[in-house]
Structures are given as structure tokens and as C-alpha cells.
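Chemist: To be precise about what I am sending: the file is called structure21.cif and holds mmCIF, C-alpha atoms.
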```cif
data_structure
#
loop_
_atom_site.label_atom_id
_atom_site.label_comp_id
_atom_site.auth_asym_id
_atom_site.auth_seq_id
_atom_site.Cartn_x
_atom_site.Cartn_y
_atom_site.Cartn_z
CA GLY K 1 15.60 -3.75 -20.29
CA ASN K 2 14.89 -4.64 -16.68
CA TYR K 3 16.55 -4.18 -13.32
CA SER K 4 18.66 -7.35 -13.61
CA GLN K 5 20.06 -6.27 -16.97
CA TYR K 6 20.70 -2.76 -15.66
CA VAL K 7 22.76 -4.14 -12.74
CA GLN K 8 24.75 -6.34 -15.11
CA ALA K 9 25.59 -3.31 -17.24
CA ASN K 10 26.13 -0.66 -14.55
CA GLY K 11 26.61 -2.42 -11.21
CA VAL K 12 24.40 -1.70 -8.20
CA VAL K 13 24.02 2.02 -8.85
CA LEU K 14 20.36 1.84 -7.86
CA PRO K 15 19.83 -0.47 -4.87
CA ALA K 16 16.99 -2.97 -4.97
CA ILE K 17 14.00 -2.13 -2.76
CA ILE K 18 12.39 -4.83 -0.63
CA LEU K 19 8.93 -3.97 0.68
CA VAL K 20 7.91 -6.15 3.64
CA ILE K 21 4.34 -6.26 4.99
CA ASP K 22 3.52 -8.57 7.88
CA ASN K 23 -0.17 -9.54 7.98
CA PHE K 24 -1.34 -8.21 4.62
CA ALA K 25 -5.02 -8.57 5.56
CA ASN K 26 -4.51 -6.20 8.50
CA PHE K 27 -2.66 -3.74 6.26
CA ARG K 28 -5.60 -3.76 3.82
CA ASN K 29 -8.06 -3.30 6.66
CA LYS K 30 -6.12 -0.38 8.17
CA THR K 31 -5.96 1.37 4.78
CA ASN K 32 -9.54 0.52 3.67
CA ASN K 33 -8.20 -1.50 0.70
CA ARG K 34 -7.21 1.74 -1.05
CA TYR K 35 -3.84 0.32 -2.18
CA ASP K 36 -5.15 -2.94 -3.71
CA GLU K 37 -4.80 -1.78 -7.34
CA PHE K 38 -1.35 -0.36 -6.60
CA PHE K 39 -0.10 -3.69 -5.15
CA ILE K 40 -1.62 -5.69 -8.01
CA ARG K 41 0.42 -3.57 -10.42
CA LEU K 42 3.52 -3.58 -8.20
CA SER K 43 3.45 -7.39 -7.88
CA LYS K 44 3.32 -7.63 -11.68
CA GLU K 45 5.79 -4.93 -12.76
CA GLY K 46 7.93 -4.23 -9.68
CA VAL K 47 10.52 -6.94 -10.22
CA GLY K 48 11.49 -5.32 -13.54
CA TYR K 49 12.35 -2.12 -11.63
CA GLY K 50 14.15 -3.83 -8.74
CA VAL K 51 11.22 -3.56 -6.32
CA PHE K 52 10.46 -6.82 -4.50
CA ILE K 53 7.56 -7.64 -2.16
CA ILE K 54 7.49 -10.01 0.82
CA VAL K 55 4.08 -10.38 2.50
CA THR K 56 2.63 -12.70 5.11
CA ALA K 57 -1.03 -13.70 5.11
CA ALA K 58 -3.39 -16.55 5.97
CA GLY K 59 -3.86 -17.37 2.29
CA PHE K 60 -5.32 -16.03 -0.95
CA GLY K 61 -8.81 -14.62 -1.37
CA ALA K 62 -11.02 -11.59 -0.87
CA ALA K 63 -10.11 -11.15 2.81
CA GLU K 64 -6.37 -11.89 2.49
CA ILE K 65 -4.09 -11.54 -0.58
CA PRO K 66 -6.39 -10.69 -3.54
CA ASN K 67 -6.31 -13.40 -6.19
CA ARG K 68 -5.33 -10.89 -8.90
CA MET K 69 -2.26 -10.03 -6.83
CA GLY K 70 -1.65 -13.67 -5.92
CA ASP K 71 -1.50 -14.59 -9.62
CA ASN K 72 1.59 -12.35 -9.91
CA ILE K 73 3.43 -13.83 -6.90
CA ARG K 74 5.90 -16.42 -8.20
CA THR K 75 7.31 -17.72 -4.92
CA THR K 76 5.23 -18.94 -1.99
CA ILE K 77 6.15 -20.61 1.28
CA SER K 78 3.45 -22.37 3.29
CA LEU K 79 3.57 -22.69 7.04
CA GLU K 80 1.04 -24.94 8.80
CA MET K 81 -2.41 -24.95 7.16
CA GLY K 82 -5.66 -26.71 8.03
CA ASP K 83 -5.77 -29.41 5.35
CA LYS K 84 -4.32 -30.62 2.03
CA PHE K 85 -6.57 -28.35 -0.02
CA GLN K 86 -5.28 -25.24 1.74
CA TYR K 87 -1.67 -26.31 1.22
CA ALA K 88 -2.41 -26.89 -2.49
CA ASP K 89 -4.04 -23.46 -2.80
CA VAL K 90 -1.10 -21.65 -1.18
CA MET K 91 1.54 -23.56 -3.14
CA ARG K 92 -0.38 -23.11 -6.41
CA VAL K 93 -0.64 -26.84 -7.23
CA THR K 94 -3.59 -29.18 -7.83
CA ARG K 95 -2.59 -31.55 -5.01
CA VAL K 96 0.17 -32.09 -2.43
CA GLU K 97 1.77 -35.46 -1.69
CA ILE K 98 3.45 -34.40 1.54
CA ILE K 99 2.05 -32.76 4.68
CA PRO K 100 4.50 -31.10 7.12
CA GLU K 101 4.59 -32.30 10.70
CA GLU K 102 1.89 -30.60 12.77
CA ASN K 103 2.18 -28.23 15.75
CA ILE K 104 5.84 -27.30 15.15
CA LYS K 105 6.41 -23.57 14.82
CA GLY K 106 8.15 -22.66 11.58
CA ARG K 107 7.49 -26.04 9.91
CA GLY K 108 6.01 -25.89 6.41
CA LEU K 109 6.35 -26.56 2.68
CA ILE K 110 8.69 -24.93 0.18
CA ARG K 111 9.25 -25.43 -3.53
CA VAL K 112 12.70 -26.54 -4.73
CA GLY K 113 12.79 -26.89 -8.49
CA GLU K 114 9.66 -28.85 -9.40
CA SER K 115 9.34 -30.55 -6.00
CA LEU K 116 7.58 -29.58 -2.77
CA ILE K 117 9.60 -30.48 0.31
CA GLU K 118 9.16 -30.04 4.05
CA TYR K 119 11.31 -27.37 5.64
CA GLN K 120 11.98 -25.70 8.99
CA THR K 121 12.25 -21.93 9.42
CA ALA K 122 15.32 -20.70 11.33
CA LEU K 123 14.89 -18.39 14.32
CA ALA K 124 15.88 -14.79 13.73
CA LEU K 125 17.78 -14.51 17.02
CA ARG K 126 18.66 -16.79 19.92
CA ALA K 127 16.48 -15.89 22.92
CA GLU K 128 14.72 -17.42 25.93
CA ASP K 129 11.20 -16.99 24.47
CA ASP K 130 9.22 -15.21 21.75
CA PHE K 131 8.74 -12.07 23.86
CA LYS K 132 12.47 -11.67 24.45
CA ARG K 133 13.15 -12.38 20.79
CA ALA K 134 10.73 -9.61 19.76
CA GLU K 135 12.56 -7.22 22.08
CA LEU K 136 15.92 -8.10 20.53
CA ILE K 137 14.55 -7.67 16.99
CA THR K 138 13.13 -4.26 17.99
CA GLN K 139 16.55 -3.22 19.32
CA CYS K 140 18.19 -4.41 16.11
CA VAL K 141 15.76 -2.40 13.98
CA GLU K 142 16.33 0.70 16.14
CA GLN K 143 20.09 0.37 15.62
CA MET K 144 19.58 0.11 11.86
CA ARG K 145 17.28 3.16 11.86
CA THR K 146 19.79 5.20 13.91
CA ALA K 147 22.67 4.22 11.62
CA TRP K 148 20.80 5.07 8.43
CA LYS K 149 21.26 8.75 7.49
CA GLY K 150 19.45 8.68 4.15
CA LYS K 151 15.78 9.27 3.39
CA CYS K 152 13.44 6.76 5.05
CA ALA K 153 10.45 5.09 3.44
CA SER K 154 7.20 7.02 3.77
CA PRO K 155 5.02 5.76 6.63
CA ILE K 156 1.54 4.43 5.93
CA PRO K 157 -0.62 7.57 5.63
CA GLN K 158 -3.01 8.06 8.51
CA ILE K 159 -4.87 10.95 10.08
CA PRO K 160 -3.09 11.80 13.38
CA LYS K 161 -5.05 10.92 16.53
CA THR K 162 -4.15 14.36 17.89
CA PHE K 163 -4.84 16.54 14.86
CA THR K 164 -3.63 20.07 15.61
CA TRP K 165 -2.65 22.97 13.39
CA SER K 166 1.03 22.55 14.32
CA VAL K 167 0.93 18.91 13.17
CA PHE K 168 -1.07 19.74 10.03
CA CYS K 169 1.15 22.52 8.72
CA GLU K 170 4.30 20.40 9.12
CA THR K 171 3.07 17.64 6.79
CA GLU K 172 4.78 17.32 3.41
CA ASP K 173 1.45 17.62 1.57
CA PHE K 174 0.63 20.89 3.32
CA LYS K 175 4.05 22.36 2.57
CA ASN K 176 3.55 21.49 -1.09
CA THR K 177 0.15 23.23 -1.22
CA VAL K 178 1.64 26.39 0.32
CA LYS K 179 3.44 26.89 -2.99
CA ASP K 180 0.14 26.79 -4.89
CA ASP K 181 -1.82 30.06 -4.63
CA ARG K 182 -4.98 28.36 -5.88
CA ILE K 183 -5.31 25.98 -2.90
CA LEU K 184 -6.38 26.86 0.64
CA SER K 185 -5.50 23.78 2.73
CA VAL K 186 -8.07 22.96 5.41
CA GLY K 187 -7.93 19.26 6.37
CA TYR K 188 -7.54 15.63 5.32
CA LEU K 189 -9.56 13.57 2.86
CA GLU K 190 -10.58 10.53 4.90
CA LYS K 191 -10.28 7.94 2.10
CA THR K 192 -6.85 8.90 0.75
CA VAL K 193 -5.41 10.69 3.83
CA GLN K 194 -4.19 13.42 1.50
CA VAL K 195 -4.38 17.08 2.45
CA TYR K 196 -7.62 18.59 1.12
CA GLY K 197 -7.68 22.17 -0.04
CA ILE K 198 -10.34 24.55 -1.31
CA ASP K 199 -9.60 25.38 -4.96
CA LEU K 200 -9.99 29.16 -5.19
CA SER K 201 -10.22 28.99 -8.99
CA GLU K 202 -13.55 27.14 -8.60
CA ASN K 203 -15.00 29.02 -5.61
CA TYR K 204 -16.19 32.51 -4.75
CA CYS K 205 -18.91 32.42 -2.06
CA TYR K 206 -18.22 29.42 0.20
CA LEU K 207 -20.63 28.28 2.94
CA VAL K 208 -19.53 26.36 6.04
CA THR K 209 -22.70 24.74 7.41
CA GLY K 210 -23.47 22.60 10.44
CA LYS K 211 -25.16 22.59 13.84
CA ASN K 212 -23.57 24.11 16.95
CA ARG K 213 -20.30 22.50 18.12
CA SER K 214 -19.85 20.50 14.92
CA GLY K 215 -16.46 22.03 13.99
CA LYS K 216 -17.41 25.04 11.83
CA THR K 217 -15.51 27.68 13.82
CA ASN K 218 -12.36 25.60 14.00
CA PHE K 219 -12.57 24.97 10.25
CA LEU K 220 -12.76 28.71 9.57
CA LYS K 221 -9.73 29.33 11.81
CA ILE K 222 -7.77 26.66 9.92
CA ALA K 223 -8.70 28.32 6.62
CA ILE K 224 -7.67 31.74 7.99
CA ALA K 225 -4.33 30.40 9.26
CA SER K 226 -3.69 28.76 5.89
CA ALA K 227 -4.44 32.05 4.12
CA VAL K 228 -2.12 33.98 6.46
CA ILE K 229 0.76 31.58 5.72
CA LYS K 230 0.26 32.25 2.01
CA LYS K 231 0.39 36.02 2.74
CA PHE K 232 -3.10 36.69 1.36
CA LYS K 233 -5.02 39.71 2.62
CA VAL K 234 -7.42 38.37 5.28
CA VAL K 235 -10.49 40.20 6.60
CA ILE K 236 -12.56 38.77 9.48
CA PHE K 237 -16.13 39.91 10.22
CA ASP K 238 -16.93 38.93 13.80
CA PHE K 239 -19.77 40.65 15.66
CA ALA K 240 -19.76 38.15 18.55
CA GLY K 241 -16.07 38.49 19.47
CA GLU K 242 -15.50 34.79 18.85
CA TYR K 243 -12.36 35.33 16.77
CA LYS K 244 -10.90 38.30 18.66
CA THR K 245 -8.14 36.42 20.51
CA PHE K 246 -7.34 34.39 17.41
CA ALA K 247 -7.18 37.54 15.22
CA ASP K 248 -4.87 39.29 17.68
CA ARG K 249 -2.26 36.56 17.06
CA THR K 250 -2.36 36.93 13.28
CA THR K 251 -1.84 39.66 10.70
CA VAL K 252 -5.47 40.17 9.67
CA THR K 253 -8.02 42.97 9.37
CA TYR K 254 -10.54 42.43 12.17
CA ILE K 255 -14.00 44.03 11.90
CA SER K 256 -16.49 43.83 14.77
CA ASP K 257 -18.83 46.84 14.41
CA ASP K 258 -20.91 48.61 11.76
CA ALA K 259 -18.68 51.68 11.50
CA ALA K 260 -15.57 49.61 10.82
CA MET K 261 -17.47 47.52 8.26
CA PHE K 262 -18.77 50.60 6.41
CA ARG K 263 -15.31 52.17 6.42
CA TYR K 264 -13.69 49.00 5.06
CA PHE K 265 -16.17 48.65 2.19
CA ASN K 266 -15.91 52.30 1.18
CA GLU K 267 -12.23 53.01 1.77
CA GLU K 268 -10.48 49.67 1.21
CA LEU K 269 -12.57 47.37 -0.98
CA SER K 270 -14.57 49.54 -3.38
CA GLU K 271 -11.60 50.89 -5.36
CA PRO K 272 -9.78 47.53 -5.85
CA PHE K 273 -13.10 45.95 -6.84
CA ARG K 274 -13.84 48.73 -9.35
CA SER K 275 -10.39 48.59 -11.00
CA ARG K 276 -10.46 44.79 -11.17
CA ASN K 277 -13.95 44.85 -12.63
CA ILE K 278 -12.72 47.02 -15.51
CA LYS K 279 -10.02 44.43 -16.25
CA LYS K 280 -12.47 41.54 -16.01
CA ARG K 281 -14.94 43.18 -18.43
CA LYS K 282 -12.09 43.75 -20.91
CA TRP K 283 -11.02 40.07 -20.75
CA VAL K 284 -14.64 38.92 -21.08
CA SER K 285 -15.08 41.10 -24.20
CA GLU K 286 -11.93 39.48 -25.63
CA GLY K 287 -13.51 36.06 -25.22
CA CYS K 288 -11.29 34.84 -22.36
CA SER K 289 -12.47 31.72 -20.50
CA ASP K 290 -13.02 31.65 -16.73
CA LYS K 291 -9.68 29.86 -16.33
CA GLU K 292 -7.87 32.53 -18.36
CA ILE K 293 -9.53 35.34 -16.39
CA PHE K 294 -8.50 33.68 -13.11
CA GLU K 295 -4.91 33.36 -14.31
CA ASN K 296 -4.85 36.95 -15.64
CA MET K 297 -6.17 38.25 -12.31
CA ALA K 298 -3.43 36.40 -10.39
CA ASP K 299 -1.27 39.53 -10.42
CA GLU K 300 -3.77 41.22 -8.09
CA GLU K 301 -3.57 40.63 -4.33
CA LYS K 302 -5.90 37.89 -3.12
CA ILE K 303 -8.45 39.25 -0.64
CA LEU K 304 -10.21 36.64 1.51
CA HIS K 305 -13.20 37.57 3.69
CA PHE K 306 -14.23 35.31 6.58
CA ILE K 307 -17.66 35.81 8.17
CA GLY K 308 -18.04 34.27 11.64
CA SER K 309 -21.85 34.22 11.39
CA LEU K 310 -23.70 34.89 8.14
CA PRO K 311 -27.02 35.81 9.87
CA GLU K 312 -25.25 38.38 12.09
CA PHE K 313 -23.34 39.79 9.12
CA LEU K 314 -26.54 40.25 7.10
CA LYS K 315 -28.38 41.81 10.05
CA HIS K 316 -25.65 44.43 10.52
CA MET K 317 -25.40 44.98 6.78
CA TYR K 318 -29.13 45.61 6.17
CA LYS K 319 -29.84 47.36 9.49
CA PRO K 320 -26.64 49.19 10.48
CA ALA K 321 -26.37 51.46 13.54
CA GLU K 322 -27.53 55.07 13.39
CA ASN K 323 -25.51 57.44 11.19
CA ILE K 324 -23.91 54.51 9.33
CA GLY K 325 -24.38 54.63 5.56
CA ALA K 326 -26.15 51.96 3.50
CA MET K 327 -24.06 48.93 2.55
CA SER K 328 -26.57 46.42 1.22
CA GLY K 329 -26.49 47.53 -2.44
CA PHE K 330 -22.69 47.29 -2.66
CA ILE K 331 -22.60 43.86 -0.99
CA GLU K 332 -25.40 42.51 -3.19
CA THR K 333 -23.40 43.61 -6.25
CA LEU K 334 -20.27 41.97 -4.82
CA PHE K 335 -22.02 38.64 -4.21
CA GLU K 336 -23.74 38.68 -7.61
CA LYS K 337 -20.91 39.83 -9.89
CA GLY K 338 -17.72 39.56 -7.84
CA SER K 339 -16.38 36.19 -8.98
CA PHE K 340 -12.97 36.14 -10.71
CA HIS K 341 -11.85 39.39 -9.07
CA ASN K 342 -9.38 37.58 -6.75
CA VAL K 343 -11.83 38.39 -3.94
CA TYR K 344 -13.39 35.53 -1.94
CA TRP K 345 -16.04 35.06 0.76
CA PHE K 346 -16.32 32.34 3.42
CA ALA K 347 -19.24 32.31 5.85
CA ILE K 348 -20.57 30.11 8.66
CA LEU K 349 -24.25 29.17 8.73
CA ASN K 350 -26.34 26.90 10.94
CA PRO K 351 -28.85 25.29 8.49
CA ASP K 352 -31.61 25.90 11.06
CA ASP K 353 -31.19 29.64 10.46
CA ALA K 354 -31.41 29.44 6.67
CA ALA K 355 -35.22 29.69 6.53
CA THR K 356 -35.20 33.12 8.20
CA LEU K 357 -32.59 34.55 5.80
CA GLY K 358 -34.69 34.30 2.64
CA ILE K 359 -35.82 37.92 3.11
CA TYR K 360 -32.29 39.07 2.38
CA LYS K 361 -31.31 39.24 -1.30
CA ALA K 362 -27.63 39.01 -0.34
CA TYR K 363 -28.24 35.61 1.26
CA THR K 364 -29.97 34.27 -1.87
CA LEU K 365 -27.06 35.50 -4.00
CA PHE K 366 -24.49 33.93 -1.63
CA ALA K 367 -26.24 30.56 -1.34
CA LYS K 368 -26.96 30.18 -5.07
CA TYR K 369 -23.32 29.18 -5.70
CA LYS K 370 -23.98 25.99 -3.67
CA LYS K 371 -20.29 25.75 -2.82
CA GLY K 372 -19.01 24.79 0.61
CA ILE K 373 -18.78 22.07 3.22
CA HIS K 374 -21.13 20.60 5.86
CA PHE K 375 -20.21 19.46 9.37
CA GLY K 376 -22.05 17.02 11.61
CA GLY K 377 -23.71 14.76 9.03
CA ASN K 378 -27.52 14.31 8.99
CA VAL K 379 -27.81 15.83 5.51
CA ALA K 380 -31.15 14.20 4.60
CA GLU K 381 -32.95 17.51 5.12
CA HIS K 382 -30.14 19.80 3.92
CA ARG K 383 -31.61 22.30 1.45
CA ILE K 384 -28.52 24.20 0.29
CA PHE K 385 -26.05 21.55 -0.92
CA ASN K 386 -26.59 18.46 -3.04
CA PHE K 387 -25.61 15.13 -1.42
CA ASP K 388 -27.24 12.80 -3.95
CA TYR K 389 -24.10 10.66 -4.12
CA LEU K 390 -24.93 9.37 -0.61
CA SER K 391 -27.39 6.58 0.16
CA PHE K 392 -30.40 7.36 2.34
CA ALA K 393 -28.73 5.64 5.31
CA GLU K 394 -25.57 7.69 4.84
CA LYS K 395 -27.58 10.91 4.58
CA SER K 396 -29.17 10.19 7.96
CA LYS K 397 -25.88 9.35 9.66
CA ALA K 398 -24.39 11.76 12.21
CA GLU K 399 -20.67 12.57 12.05
CA LYS K 400 -18.40 13.32 15.00
CA GLN K 401 -17.09 16.81 15.65
CA GLY K 402 -14.59 17.97 13.03
CA VAL K 403 -15.72 15.51 10.33
CA ALA K 404 -17.41 17.09 7.31
CA LEU K 405 -19.03 16.10 4.02
CA LEU K 406 -18.40 17.76 0.66
CA PRO K 407 -21.34 18.41 -1.70
CA SER K 408 -21.43 16.29 -4.86
#
```
What's the C-alpha cells form of this structure?
Modeler:
Amino acid sequence: GNYSQYVQANGVVLPAIILVIDNFANFRNKTNNRYDEFFIRLSKEGVGYGVFIIVTAAGFGAAEIPNRMGDNIRTTISLEMGDKFQYADVMRVTRVEIIPEENIKGRGLIRVGESLIEYQTALALRAEDDFKRAELITQCVEQMRTAWKGKCASPIPQIPKTFTWSVFCETEDFKNTVKDDRILSVGYLEKTVQVYGIDLSENYCYLVTGKNRSGKTNFLKIAIASAVIKKFKVVIFDFAGEYKTFADRTTVTYISDDAAMFRYFNEELSEPFRSRNIKKRKWVSEGCSDKEIFENMADEEKILHFIGSLPEFLKHMYKPAENIGAMSGFIETLFEKGSFHNVYWFAILNPDDAATLGIYKAYTLFAKYKKGIHFGGNVAEHRIFNFDYLSFAEKSKAEKQGVALLPS
């Protein structure tokens, strides 16, 4: 049945929910109209579930209450409008015979049975003026909020003005993604204001591109912190010392010279990679899909490598210091055949440096995955990722620091 019938049979076990939105046009503007389809459905089906909507607006139409939603609203009250036609539109009639007295706050039209009559809105509270009344209403609401010990309604999602790691990792969405070993949470999707995470099941070599001071380094630190919370093994390659202080505060393996890099590859990574490769080849021979191989490999520890500068990393890899063994062959094999080993690579690259890296086979192997994120906008001349979903004007647009675009 519906909510009314349920209450008749069981009493008010489930309380009705009244959703109130003052200035619906402003609400739509603040949320970029992303909830229009939801409210159209809610206005149609909500009453059957005991969910009721009260909204204020200047009328019906594209800029106010959408007509598809308005068609589902059964009860309307009209305060002062500009002319008879506007009254008729709000009250959903072909014509009105009565016009309420003008310039009286709260005076309007209301439907009683089949008739439209003039009515006067009561004041919420007795007060000297509107300002004082607003203060009293605010105090009343605060008292109600303090008295209520149950769960409150979710606030309208919005990206915090001061967006810090401490704020980010306390959000409900982030806490939910912590439970999912596939997702590495790194920021917010602008349109939905949901936490965005890198899906490890669909990534292996991940490029973070952008000009200087566009937000790349901060992004990598967020990704590292997210990986540390999930208790993944984290390895940072940093030949400029940019992550030293940050690494000292976290439980990571920090590599800043050729000797340490050679030792890590030979003593810590080569054996796990070899044993995992044997398992992967077996599953491939058995006809397992990529998804099945990823799930089968989940028993192995996730190893995430973060490269502070891809050009510096490649330079040290191909031309290590004296008496340091060769590393390039092993790394090229890793980049070419290392997917689905529960080993991942994240690297920062300024697109201006990409042209000089073509001499390195490892770079070509890394970039061929075309997976990653770009900071700073101006993607019209970007040669690594595909942004064909953007118009030419959008491709030429600059983005502020910390705002990035995802490849199509």
C-alpha cells in the first residue's frame, strides 16, 4: 500500500519526513541542477512513502520549479504576483476571478475545495521587525537542534572552502572507501561532490601531469596518505628531497639516491615480482579474465610506488652513479609486463618535459597506458591523455591550483 495505509495499520512507527527548501531556484543554482531528476521523482512518488516537500519559489519554469516537477505538486499557495496570468499559472487554473490586495506582506490566494479565496499568512513569531523575528526563529531552530539526539538530515553536499587532509579523511564517503582496497581516495568530483578515488583494478602506471604549482605534488601526498591509511606498502622515489619531511611523518620506504634504489629493486621488489608473475602466468593459462586475476592477486600485499619527478627517476635509472648496477632492463620489464601483480606506479610529469623523455624506453612504456590526471587545464596541446569530451573552449581554459581534469 502507501504510507497512509501503513499508518492506519501500524500507527506512526515510521515518522513522516517533511523536506523544506526556501528559494528553490537558489538551491538549484547552488547545486548546478544536479538534483532536478531526483526531485521530479520525489514529488511524484514521495507522498506514498511519507515524504512530503514544501518549497518556495517565484513560480514555475526553467529558472524556478521545473514544470515536470510542478505537474506533480498538488497544493500551491500564491503570494503577491505581477498580474492575473501569473496568479493563474501558480494556482494551476485558466483564469482567476479574484486578485488579493496589493502591497500587504503575506497576502495571497489559496484553494479551498474548488474555490480560490484571498488569505493572510500568520507571522511565525511576535517581534518588533523582520530582523528580530529572524533572530528569534534562529534561536528556536538552535533549541530544536540541541534537543534532538537522533541522526540529522544530511547537509547539501559541497566542497569545503578550506579543503585539508584532516577535513577530507573525516568525510563519510572517505571512511567508506577506506574499506575498499580497490579505491585510493584522492579528492572530490566537482559535479556530484562525491569522493573520487583511483580504481586500482583499472590502473597500473598512473601519470600526474601539469605545470609547476598546479597541485601535482599535493595530489601525490594525498594519494600517499590514503595508501598509508589502508596499510599498503608505500615506496617514495624522491631525488629532490621534496617529500622528505612528509615521508618522515609516515610509515613509508623513502628512496633518494641511486644506491638505495638499486638495493630496493634487487633485494625487496624482484623476488615478490617473480613469485607473483608465476601465479599470474598460471591464471592466464587457465583462461582467467583480468578481473579474476586482480581478485586472485588480492591476497598479496599491495605495493604502491610514488615517483616525485618522472624525468629525475629515469635519469637516475638509466645513468646511475659509479659502481651502481644497471636497473633499466628490470624497470622496463616491470612497466611493460607488471600489471595485475598488485604492484602500482604513480609519477609526476610536467608536459613540457615529455618531449625530451622519448629517448627512454621506460617512459614510452609508462605513458602508453594513458592513465592519470591533469592539473591546471589548458589541455588543447596535451599529447599524452585524450580530452576529446571537452569543447575547444574548455580545452583552452585554465584551472585554478588543485583543480584537475580526468582523461576521457
Chemist: Hey, which of K:Ser309, K:Ser391, K:Asn342, K:Phe219 ends up closest to K:Glu295? Count all atoms listed in the file.
Modeler: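 Comparing K:Ser309, K:Ser391, K:Asn342, K:Phe219 against K:Glu295, the winner is K:Asn342.
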Chemist: Which is closer to K:Ile255 than all the others in K:Asp388, K:Asp353, K:Glu242, K:Asp71, using all atoms listed in the file?
Modeler: K:Glu242
Chemist: Name every residue that the PyMOL selection byres ((chain K and resi 50-59) around 9) selects in this structure, writing the answer as a PyMOL selection string with chains first and numbers rising.
Modeler: chain K and resi 2-4+14-26+42-43+45-49+60-61+63-65+73+78+81+86+89-90
Chemist: Rank K:Glu394, K:Ile159, K:Ser214, K:Arg95 by their smallest atom-to-atom distance to K:Leu189, using all atoms listed in the file, and report the top residue only.
Modeler: K:Ile159
Chemist: Take atom CA of K:Gly358 and atom CA of K:Pro407 and report the distance between them in Å, one decimal.
Modeler: 21.2 Å
Chemist: Please measure the separation of atom CA of K:Ala367 and atom CA of K:Asp299, giving the value in Å to one decimal.
Modeler: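 Atom CA of K:Asp299 lies 28.0 Å from atom CA of K:Ala367.
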Chemist: Between atom CA of K:Ala259 and atom CA of K:Glu322, what is the spacing in Å?
Modeler: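 That distance, rounded to one decimal, is 9.7 Å.
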Chemist: Selected by the PyMOL selection byres ((chain K and resi 343) around 7) in the shown coordinates: which residues, as a PyMOL selection string?
Modeler: chain K and resi 302-304+341-342+344
Chemist: Which of these, K:Arg34, K:Lys371, K:Arg274, K:Lys291, has the shortest distance to K:Phe330 once you count only C-alpha atoms?
Modeler: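 Residue with the minimum atom-to-atom distance to K:Phe330: K:Arg274.
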Chemist: Which is closer to K:Lys280 than all the others in K:Phe131, K:Phe237, K:Tyr206, K:Phe340, using all atoms listed in the file?
Modeler: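 Ranked by minimum distance to K:Lys280, first place goes to K:Phe340.
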Chemist: Write out as a PDB file with C-alpha atoms, in the frame of the given file each polymer residue whose atoms come within 10 Å of stretch 116-125 of chain K, counting all atoms listed in the file; drop sequence neighbours fewer than 2 positions from it.
Modeler:
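This went into result.pdb:
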```
ATOM      1  CA  ILE K  77       6.150 -20.610   1.280  1.00  0.00           C
ATOM      2  CA  SER K  78       3.450 -22.370   3.290  1.00  0.00           C
ATOM      3  CA  LEU K  79       3.570 -22.690   7.040  1.00  0.00           C
ATOM      4  CA  MET K  91       1.540 -23.560  -3.140  1.00  0.00           C
ATOM      5  CA  VAL K  93      -0.640 -26.840  -7.230  1.00  0.00           C
ATOM      6  CA  VAL K  96       0.170 -32.090  -2.430  1.00  0.00           C
ATOM      7  CA  GLU K  97       1.770 -35.460  -1.690  1.00  0.00           C
ATOM      8  CA  ILE K  98       3.450 -34.400   1.540  1.00  0.00           C
ATOM      9  CA  ILE K  99       2.050 -32.760   4.680  1.00  0.00           C
ATOM     10  CA  PRO K 100       4.500 -31.100   7.120  1.00  0.00           C
ATOM     11  CA  GLU K 101       4.590 -32.300  10.700  1.00  0.00           C
ATOM     12  CA  ILE K 104       5.840 -27.300  15.150  1.00  0.00           C
ATOM     13  CA  LYS K 105       6.410 -23.570  14.820  1.00  0.00           C
ATOM     14  CA  GLY K 106       8.150 -22.660  11.580  1.00  0.00           C
ATOM     15  CA  ARG K 107       7.490 -26.040   9.910  1.00  0.00           C
ATOM     16  CA  GLY K 108       6.010 -25.890   6.410  1.00  0.00           C
ATOM     17  CA  LEU K 109       6.350 -26.560   2.680  1.00  0.00           C
ATOM     18  CA  ILE K 110       8.690 -24.930   0.180  1.00  0.00           C
ATOM     19  CA  ARG K 111       9.250 -25.430  -3.530  1.00  0.00           C
ATOM     20  CA  VAL K 112      12.700 -26.540  -4.730  1.00  0.00           C
ATOM     21  CA  GLY K 113      12.790 -26.890  -8.490  1.00  0.00           C
ATOM     22  CA  GLU K 114       9.660 -28.850  -9.400  1.00  0.00           C
ATOM     23  CA  ALA K 127      16.480 -15.890  22.920  1.00  0.00           C
ATOM     24  CA  GLU K 128      14.720 -17.420  25.930  1.00  0.00           C
ATOM     25  CA  ASP K 130       9.220 -15.210  21.750  1.00  0.00           C
ATOM     26  CA  LYS K 132      12.470 -11.670  24.450  1.00  0.00           C
ATOM     27  CA  ARG K 133      13.150 -12.380  20.790  1.00  0.00           C
ATOM     28  CA  ALA K 134      10.730  -9.610  19.760  1.00  0.00           C
ATOM     29  CA  LEU K 136      15.920  -8.100  20.530  1.00  0.00           C
ATOM     30  CA  ILE K 137      14.550  -7.670  16.990  1.00  0.00           C
TER      31      ILE K 137
END
```
